[in-house]
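*Asks:* Encoded as structure tokens, here's the structure I'll be asking about.
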Amino acid sequence: MELFNTLTGRVEPLTPSDGATFRMYACGPTVYDYGHIGNFRTFIHVDTLRRYLKQIGMPVRHVMNVTDVDDKIIRNASAAGMDIAAYSKRFEGAFFEDMESLGLERPEVVPHATDNIPEMVSLIERLRDQDIAYQAEDGSWYFRIAKFPDYGKLSKKDFDGIEDGARVDVDEYEKDAARDFALWKAVKNDSNGVREHSWETSLGAGRPGWHIECSAMASKYLGDTFDLHAGGEDLMFPHHENEIAQSESATHKQFALHWMHVRFLLVEGRKMSKSEGNFYTLRDLLLKGHRASAIRFLLMSVPYRHQLNFTFDGLAESTSAVERLRTFAARMKGTFPAGINEELAAATAKALAGYDAALSNDLNTAEARAAIFDLVRAGNVAADAGALRAENATEILAVLQRFDGVFAVLQDRDAEITRSALDWAEQSGRINEASAELLATLSFTDADIDALVTERTHAKKSRNFARADAIRKELLEKGILLEDSKDGVRWKRK
Ligand code: AMP
Ligand code: ZN
């Protein structure tokens, strides 16, 4: 498998450098609010990578940190009158629920910044001992960029002539601030005069900067040099550039060998932002009645190095695409005459090869998806013509299963996920008109629907058409559509 490497600017092979396990680190969420679809686009592509590596037989050790202390957490927790641990735990819980809703696998290791303070302090001490870290008047510690000549090698920015000792002391950097960055922030009082959360350490009382967290946790769990580091494109500079500077200055070894950056998502052609009114969390979309599977499928369908323009039309298309795949998989589970149709067998082999070629070539999810839809078309055409044989169905199901090992949309958990989003909305007082309607629909369990459908079938058999129609109408009001076919009645939620 090959992947573009931001560091070298080339598409390069991915192999475990220790000959055994592929070690990867992805910058995780800062848990100060609910995750938005942009965040999840990045995490889904990292998940796609880990799933595909495992599929081709490479053991993976994936570390994703949780940033549970930073400016925004401190600010929001104090505004909510909560301590930072309770505040961040709440959003961390929500984040992992969302990951599960979107079918993301849990990384092997999920370390928390606040559990790794001693590791960060000792890394800063190593930099201090080389005069790379220095303490400013307010007690904060900074990284002296002038001591790291390679600074800028990842983002390809030119930092010649940067001023030694010029500092920025905030997390929320301006993009182009090429100045010494904070490693450790001395404790101060917040705007209400209350002393902020801090740790007593050999560096003084304070808390870590954001960049040092990732350097410390990556080397603790993966070693000084590891195979791949990933994140959204906004992290390339300054965050990842700073991680490299800190780690390589301390260890004198290369930090990550491969760097993967996921491009940002746009919404209806514009940058997603609260002020533009086009900002969506996963939960916002679920409460509007969109399915988790369709959101996942849409977020992963455009390759990670291309911009994804998220639109509601696209989401509707994605919903039908998932539906089509599921219907096709169900169809392939039917019974067919023994034997094999050679032409279809060739198309099946071609789809499988196309799928692997696409994903192993820089994780091209769009082409992998297209290869599988070619198979859906060929399989349906053959089945319609009565030309599909039992061995074809078996082969096709195996290909679909492989595809689903990465795309993970065939198993239908949608209603269940929406129901738990609604439970959350109810508990937190977020139910609005649209979600109330959705709630009414989902208050019907699958078993309730099956029972009514059976009753309707009996009513029709005994020529009680009034009752049969009444049931159809009742189900329709709850958003459940019935389809009569020669194989019986199928139902689906609107
Ligand atoms: P944060 O919790 O803000 O640190 O972000 C978590 C991850 O989401 C990081 O890898 C970010 O780069 C990524 N991210 C943030 N916004 C977007 C976006 N609009 N599109 C894609 N990825 C994003
Ligand atoms: Zn990071």
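Numbering starts fresh at 1 for the residues of each chain in the structure tokens, the chains themselves are lettered A, B, ... in the order given, and ligands are numbered from 1 as they appear.
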For ligand 2, return the neighbouring residues as JSON, numbers by chain (distance at most 8 Å; only C-alpha atoms and all ligand atoms).
*Replies:* {"A": [26, 27, 28, 65, 210, 211, 213, 214, 215, 231, 235, 239, 240, 243]}
*Asks:* Now that the selection is made, can you save its residues with C-alpha atoms as a PDB file, in the first residue's frame?
*Replies:*
```pdb
ATOM      1  CA  ALA A  26      -3.345  10.614  15.112  1.00  0.00           C
ATOM      2  CA  CYS A  27      -3.965  13.868  16.924  1.00  0.00           C
ATOM      3  CA  GLY A  28      -7.214  13.331  18.760  1.00  0.00           C
ATOM      4  CA  ASN A  65      -4.681  11.217  22.279  1.00  0.00           C
ATOM      5  CA  TRP A 210      -0.682  21.691  23.265  1.00  0.00           C
ATOM      6  CA  HIS A 211       2.230  20.616  21.042  1.00  0.00           C
ATOM      7  CA  GLU A 213       1.374  16.707  24.637  1.00  0.00           C
ATOM      8  CA  CYS A 214       1.540  14.932  21.315  1.00  0.00           C
ATOM      9  CA  SER A 215       5.354  14.720  21.280  1.00  0.00           C
ATOM     10  CA  GLY A 231      -4.277  14.857  11.398  1.00  0.00           C
ATOM     11  CA  LEU A 235      -2.514  20.837  12.049  1.00  0.00           C
ATOM     12  CA  HIS A 239       1.154  21.972  15.499  1.00  0.00           C
ATOM     13  CA  HIS A 240       2.951  19.198  13.617  1.00  0.00           C
ATOM     14  CA  GLU A 243       5.949  18.405  17.394  1.00  0.00           C
TER      15      GLU A 243
END
```
*Asks:* Could the residues that lie within 7 Å of ligand 1, counting only C-alpha atoms and all ligand atoms, be listed as a ChimeraX atom specification?
*Replies:* /A:27-31,38-43,231-235,262-266,272
*Asks:* Find the residues near A:Gly354: any atom within 10 Å, counting only C-alpha atoms, skip ones fewer than 6 places away on the same chain, and give them as a ChimeraX atom specification.
*Replies:* /A:348,360,367-372,374
*Asks:* Using only C-alpha atoms, which of A:Arg128, A:Arg490, A:Lys89, A:Arg51 sits nearest A:Ser202?
*Replies:*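 So, comparing all the options, the nearest one is A:Arg128.
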*Asks:* What is the distance between atom CA of A:Leu400 and atom CA of A:Ala329, in Å to one decimal?
*Replies:* 7.4 Å
*Asks:* Find the spatial neighbours of stretch 375-391 of chain A, counting only C-alpha atoms, within a cut-off of 7 Å - ignore same-chain residues fewer than 4 positions away - and output them as a PyMOL selection string.
*Replies:* chain A and resi 328+335-341+344+347-348+351+371+395
*Asks:* Would you output that residue set with N, CA and C atoms, as a PDB file, in the first residue's frame?
*Replies:*
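Dumped to selection_22.pdb:
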```pdb
ATOM      1  N   PHE A 328     -28.827  -4.869  -2.454  1.00  0.00           N
ATOM      2  CA  PHE A 328     -28.061  -5.784  -3.291  1.00  0.00           C
ATOM      3  C   PHE A 328     -27.508  -6.942  -2.454  1.00  0.00           C
ATOM      4  N   THR A 335     -31.633 -17.581  -3.042  1.00  0.00           N
ATOM      5  CA  THR A 335     -31.181 -18.863  -3.618  1.00  0.00           C
ATOM      6  C   THR A 335     -31.157 -18.757  -5.142  1.00  0.00           C
ATOM      7  N   PHE A 336     -30.104 -19.315  -5.701  1.00  0.00           N
ATOM      8  CA  PHE A 336     -29.906 -19.262  -7.150  1.00  0.00           C
ATOM      9  C   PHE A 336     -29.556 -20.656  -7.645  1.00  0.00           C
ATOM     10  N   PRO A 337     -29.758 -20.901  -8.948  1.00  0.00           N
ATOM     11  CA  PRO A 337     -29.412 -22.218  -9.488  1.00  0.00           C
ATOM     12  C   PRO A 337     -27.921 -22.502  -9.307  1.00  0.00           C
ATOM     13  N   ALA A 338     -27.590 -23.771  -9.121  1.00  0.00           N
ATOM     14  CA  ALA A 338     -26.185 -24.150  -8.934  1.00  0.00           C
ATOM     15  C   ALA A 338     -25.343 -23.745 -10.138  1.00  0.00           C
ATOM     16  N   GLY A 339     -24.031 -23.660  -9.925  1.00  0.00           N
ATOM     17  CA  GLY A 339     -23.117 -23.380 -11.022  1.00  0.00           C
ATOM     18  C   GLY A 339     -22.552 -21.983 -10.958  1.00  0.00           C
ATOM     19  N   ILE A 340     -21.902 -21.591 -12.041  1.00  0.00           N
ATOM     20  CA  ILE A 340     -21.277 -20.262 -12.078  1.00  0.00           C
ATOM     21  C   ILE A 340     -21.446 -19.643 -13.456  1.00  0.00           C
ATOM     22  N   ASN A 341     -21.692 -18.357 -13.469  1.00  0.00           N
ATOM     23  CA  ASN A 341     -21.739 -17.597 -14.715  1.00  0.00           C
ATOM     24  C   ASN A 341     -20.357 -16.968 -14.873  1.00  0.00           C
ATOM     25  N   LEU A 344     -19.948 -13.127 -15.219  1.00  0.00           N
ATOM     26  CA  LEU A 344     -20.145 -12.406 -13.956  1.00  0.00           C
ATOM     27  C   LEU A 344     -18.990 -12.675 -12.983  1.00  0.00           C
ATOM     28  N   ALA A 347     -16.371 -10.304 -13.851  1.00  0.00           N
ATOM     29  CA  ALA A 347     -16.701  -8.947 -13.376  1.00  0.00           C
ATOM     30  C   ALA A 347     -16.465  -8.841 -11.868  1.00  0.00           C
ATOM     31  N   THR A 348     -16.731  -9.935 -11.159  1.00  0.00           N
ATOM     32  CA  THR A 348     -16.539  -9.938  -9.702  1.00  0.00           C
ATOM     33  C   THR A 348     -15.048  -9.825  -9.371  1.00  0.00           C
ATOM     34  N   ALA A 351     -13.887  -6.326  -9.986  1.00  0.00           N
ATOM     35  CA  ALA A 351     -14.292  -5.385  -8.935  1.00  0.00           C
ATOM     36  C   ALA A 351     -13.380  -5.514  -7.722  1.00  0.00           C
ATOM     37  N   ALA A 371     -15.648   0.824  -7.982  1.00  0.00           N
ATOM     38  CA  ALA A 371     -15.432  -0.577  -8.379  1.00  0.00           C
ATOM     39  C   ALA A 371     -16.553  -1.451  -7.816  1.00  0.00           C
ATOM     40  N   GLU A 395     -19.411 -15.620  -4.283  1.00  0.00           N
ATOM     41  CA  GLU A 395     -18.230 -14.779  -4.560  1.00  0.00           C
ATOM     42  C   GLU A 395     -18.537 -13.305  -4.337  1.00  0.00           C
TER      43      GLU A 395
END
```
*Asks:* What does the distance from atom CA of A:Ser17 to atom CA of A:His258 come to in Å, to one decimal?
*Replies:* 10.8 Å
*Asks:* Taking 2 positions as the minimum chain separation for residues in the same chain, which residues sit within 7 Å of stretch 283-300 of chain A when counting only C-alpha atoms? Answer as a PyMOL selection string.
*Replies:* chain A and resi 41+44-45+101-102+280-281+302-303+315+318-319+322+365+409+414+418+421-422+434-435+438
*Asks:* Considering only C-alpha atoms, can you say which of A:Trp424, A:Phe444, A:Tyr355, A:Tyr25 comes closest to A:Val406?
*Replies:*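 The answer is A:Tyr355, which sits nearest to A:Val406.
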*Asks:* Mind checking DSSP for stretch 163-391 of chain A and telling me the strand (DSSP E or B) residues as a ChimeraX atom specification?
*Replies:* /A:167-168,180-186,189,195,199-201,204-208,226-232,256-262,265-267,270-271,281,308-310,361
*Asks:* Report the distance between atom CA of A:Leu476 and atom CA of A:Arg493 in Å, rounded to one decimal place.
*Replies:*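 Distance between the two atoms: 9.1 Å.
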*Asks:* May I ask which of the residues A:Ser88, A:Thr8, A:Thr21, A:Ser155 is the closest one to A:Phe237, counting only C-alpha atoms?
*Replies:*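 Ranking A:Ser88, A:Thr8, A:Thr21, A:Ser155 by distance to A:Phe237, first place goes to A:Ser155.
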*Asks:* Find, counting only C-alpha atoms, the residue in A:Arg90, A:His197, A:Lys54, A:Arg430 that gets nearest to A:Thr15.
*Replies:*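 Smallest distance to A:Thr15 is found for A:Lys54.
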*Asks:* If DSSP is run on the backbone, what residues of stretch 150-299 of chain A are alpha helix (DSSP H)? A reply as a compact mmCIF listing (two decimals) with N, CA, C and O atoms, in the first residue's frame would be ideal.
*Replies:*
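To be explicit, this is the file written out as part_38.txt:
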```
# COMPACT_ATOMS: atom_id res chain seq x y z
N TRP A 210 0.00 22.74 24.02
CA TRP A 210 -0.68 21.69 23.26
C TRP A 210 0.31 20.79 22.52
O TRP A 210 0.17 19.56 22.52
N HIS A 211 1.33 21.40 21.90
CA HIS A 211 2.23 20.62 21.04
C HIS A 211 3.02 19.57 21.82
O HIS A 211 3.23 18.45 21.35
N ILE A 212 3.44 19.93 23.03
CA ILE A 212 4.28 19.01 23.81
C ILE A 212 3.51 17.74 24.18
O ILE A 212 4.09 16.67 24.32
N GLU A 213 2.20 17.88 24.30
CA GLU A 213 1.37 16.71 24.64
C GLU A 213 1.60 15.60 23.63
O GLU A 213 1.82 14.45 23.99
N CYS A 214 1.46 15.96 22.36
CA CYS A 214 1.54 14.93 21.31
C CYS A 214 2.95 14.37 21.22
O CYS A 214 3.12 13.16 21.05
N SER A 215 3.98 15.23 21.33
CA SER A 215 5.35 14.72 21.28
C SER A 215 5.58 13.70 22.39
O SER A 215 6.15 12.63 22.17
N ALA A 216 5.12 14.03 23.60
CA ALA A 216 5.37 13.15 24.75
C ALA A 216 4.59 11.84 24.62
O ALA A 216 5.13 10.76 24.86
N MET A 217 3.33 11.94 24.23
CA MET A 217 2.52 10.73 24.17
C MET A 217 2.89 9.85 22.99
O MET A 217 2.88 8.62 23.10
N ALA A 218 3.26 10.45 21.87
CA ALA A 218 3.66 9.64 20.71
C ALA A 218 4.89 8.81 21.05
O ALA A 218 4.93 7.61 20.81
N SER A 219 5.91 9.44 21.65
CA SER A 219 7.12 8.66 21.92
C SER A 219 6.91 7.67 23.06
O SER A 219 7.45 6.58 23.04
N LYS A 220 6.07 8.04 24.03
CA LYS A 220 5.81 7.10 25.13
C LYS A 220 5.17 5.81 24.61
O LYS A 220 5.53 4.72 25.01
N TYR A 221 4.21 5.96 23.72
CA TYR A 221 3.46 4.77 23.30
C TYR A 221 3.94 4.14 21.99
O TYR A 221 3.55 3.02 21.67
N LEU A 222 4.75 4.88 21.23
CA LEU A 222 5.17 4.33 19.93
C LEU A 222 6.68 4.30 19.74
O LEU A 222 7.17 3.72 18.78
N GLU A 241 4.56 20.84 12.90
CA GLU A 241 5.92 21.39 12.75
C GLU A 241 6.57 21.50 14.14
O GLU A 241 7.75 21.19 14.32
N ASN A 242 5.78 21.91 15.11
CA ASN A 242 6.30 22.07 16.47
C ASN A 242 6.56 20.71 17.13
O ASN A 242 7.53 20.56 17.88
N GLU A 243 5.71 19.75 16.85
CA GLU A 243 5.95 18.41 17.39
C GLU A 243 7.30 17.88 16.89
O GLU A 243 8.09 17.32 17.66
N ILE A 244 7.55 18.07 15.58
CA ILE A 244 8.82 17.60 15.01
C ILE A 244 9.99 18.31 15.69
O ILE A 244 10.97 17.69 16.10
N ALA A 245 9.86 19.63 15.84
CA ALA A 245 10.96 20.41 16.42
C ALA A 245 11.27 19.93 17.84
O ALA A 245 12.43 19.70 18.19
N GLN A 246 10.24 19.73 18.63
CA GLN A 246 10.45 19.30 20.02
C GLN A 246 11.07 17.91 20.08
O GLN A 246 12.05 17.67 20.79
N SER A 247 10.44 16.98 19.37
CA SER A 247 10.85 15.58 19.48
C SER A 247 12.24 15.35 18.89
O SER A 247 13.07 14.68 19.49
N GLU A 248 12.47 15.92 17.70
CA GLU A 248 13.75 15.64 17.06
C GLU A 248 14.89 16.36 17.79
O GLU A 248 16.01 15.87 17.83
N SER A 249 14.60 17.51 18.40
CA SER A 249 15.64 18.19 19.19
C SER A 249 15.98 17.36 20.42
O SER A 249 17.13 17.33 20.86
N ALA A 250 14.99 16.70 21.00
CA ALA A 250 15.24 15.93 22.21
C ALA A 250 15.93 14.61 21.91
O ALA A 250 16.85 14.20 22.61
N THR A 251 15.50 13.92 20.85
CA THR A 251 16.00 12.55 20.62
C THR A 251 17.13 12.48 19.59
O THR A 251 17.82 11.46 19.53
N LEU A 282 -22.34 15.98 14.35
CA LEU A 282 -22.99 14.73 13.94
C LEU A 282 -24.41 14.70 14.50
O LEU A 282 -25.37 14.31 13.82
N ARG A 283 -24.54 15.12 15.76
CA ARG A 283 -25.85 15.05 16.41
C ARG A 283 -26.89 15.95 15.72
O ARG A 283 -28.06 15.58 15.63
N ASP A 284 -26.44 17.11 15.25
CA ASP A 284 -27.38 17.99 14.52
C ASP A 284 -27.99 17.23 13.35
O ASP A 284 -29.19 17.31 13.09
N LEU A 285 -27.13 16.52 12.62
CA LEU A 285 -27.61 15.82 11.42
C LEU A 285 -28.51 14.65 11.77
O LEU A 285 -29.53 14.41 11.13
N LEU A 286 -28.14 13.91 12.83
CA LEU A 286 -28.99 12.78 13.24
C LEU A 286 -30.37 13.27 13.65
O LEU A 286 -31.38 12.66 13.33
N LEU A 287 -30.40 14.42 14.32
CA LEU A 287 -31.69 14.95 14.79
C LEU A 287 -32.52 15.53 13.66
O LEU A 287 -33.72 15.76 13.81
N ALA A 292 -26.88 7.71 10.17
CA ALA A 292 -25.45 7.64 10.47
C ALA A 292 -24.68 6.98 9.33
O ALA A 292 -23.60 7.44 8.94
N SER A 293 -25.24 5.92 8.74
CA SER A 293 -24.53 5.21 7.68
C SER A 293 -24.31 6.11 6.47
O SER A 293 -23.25 6.09 5.85
N ALA A 294 -25.33 6.93 6.15
CA ALA A 294 -25.21 7.81 4.98
C ALA A 294 -24.17 8.90 5.24
O ALA A 294 -23.42 9.29 4.34
N ILE A 295 -24.12 9.38 6.47
CA ILE A 295 -23.13 10.41 6.82
C ILE A 295 -21.73 9.81 6.71
O ILE A 295 -20.83 10.39 6.12
N ARG A 296 -21.56 8.62 7.28
CA ARG A 296 -20.25 7.96 7.19
C ARG A 296 -19.84 7.77 5.72
O ARG A 296 -18.74 8.12 5.32
N PHE A 297 -20.76 7.25 4.93
CA PHE A 297 -20.45 6.92 3.54
C PHE A 297 -20.08 8.19 2.77
O PHE A 297 -19.16 8.20 1.97
N LEU A 298 -20.80 9.28 3.05
CA LEU A 298 -20.49 10.54 2.38
C LEU A 298 -19.13 11.08 2.83
O LEU A 298 -18.31 11.50 2.00
N LEU A 299 -18.87 11.05 4.13
CA LEU A 299 -17.61 11.62 4.62
C LEU A 299 -16.39 10.87 4.09
O LEU A 299 -15.31 11.44 3.96
```
*Asks:* Considering only C-alpha atoms, can you say which of A:Val69, A:Ala459, A:Leu7, A:Met64 comes closest to A:Gln254?
*Replies:*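 Closest to A:Gln254, using only C-alpha atoms: A:Leu7.
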*Asks:* Residues near A:Lys494, anyone? I mean within 9 Å using only C-alpha atoms, not counting same-chain ones fewer than 5 positions away, as a list in words.
*Replies:* Thr441, Leu476, Lys478, Gly479, Ile480 and Leu481 of chain A
*Asks:* Go ahead and dump the residues you just picked, C-alpha atoms, as a JSON list (two decimals), in the first residue's frame.
*Replies:*
```json
[["chain", "number", "residue", "atom", "x", "y", "z"],
["A", 441, "THR", "CA", -41.53, 7.51, 14.00],
["A", 476, "LEU", "CA", -47.39, 5.77, 6.92],
["A", 478, "LYS", "CA", -45.28, 7.01, 11.56],
["A", 479, "GLY", "CA", -43.07, 7.36, 8.51],
["A", 480, "ILE", "CA", -43.00, 3.68, 7.59],
["A", 481, "LEU", "CA", -43.45, 2.74, 3.96]]
```
*Asks:* Return the single residue from A:Arg23, A:Lys486, A:Arg305, A:Arg331 that is closest to A:Phe255, with distances computed using only C-alpha atoms.
*Replies:*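 Nearest candidate to A:Phe255 out of A:Arg23, A:Lys486, A:Arg305, A:Arg331: A:Arg23.
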*Asks:* As a PyMOL selection string, please: the residues near A:Met24 (cut-off 7 Å, only C-alpha atoms, same-chain neighbours under 2 positions excluded).
*Replies:* chain A and resi 22+26+61-63+226-229
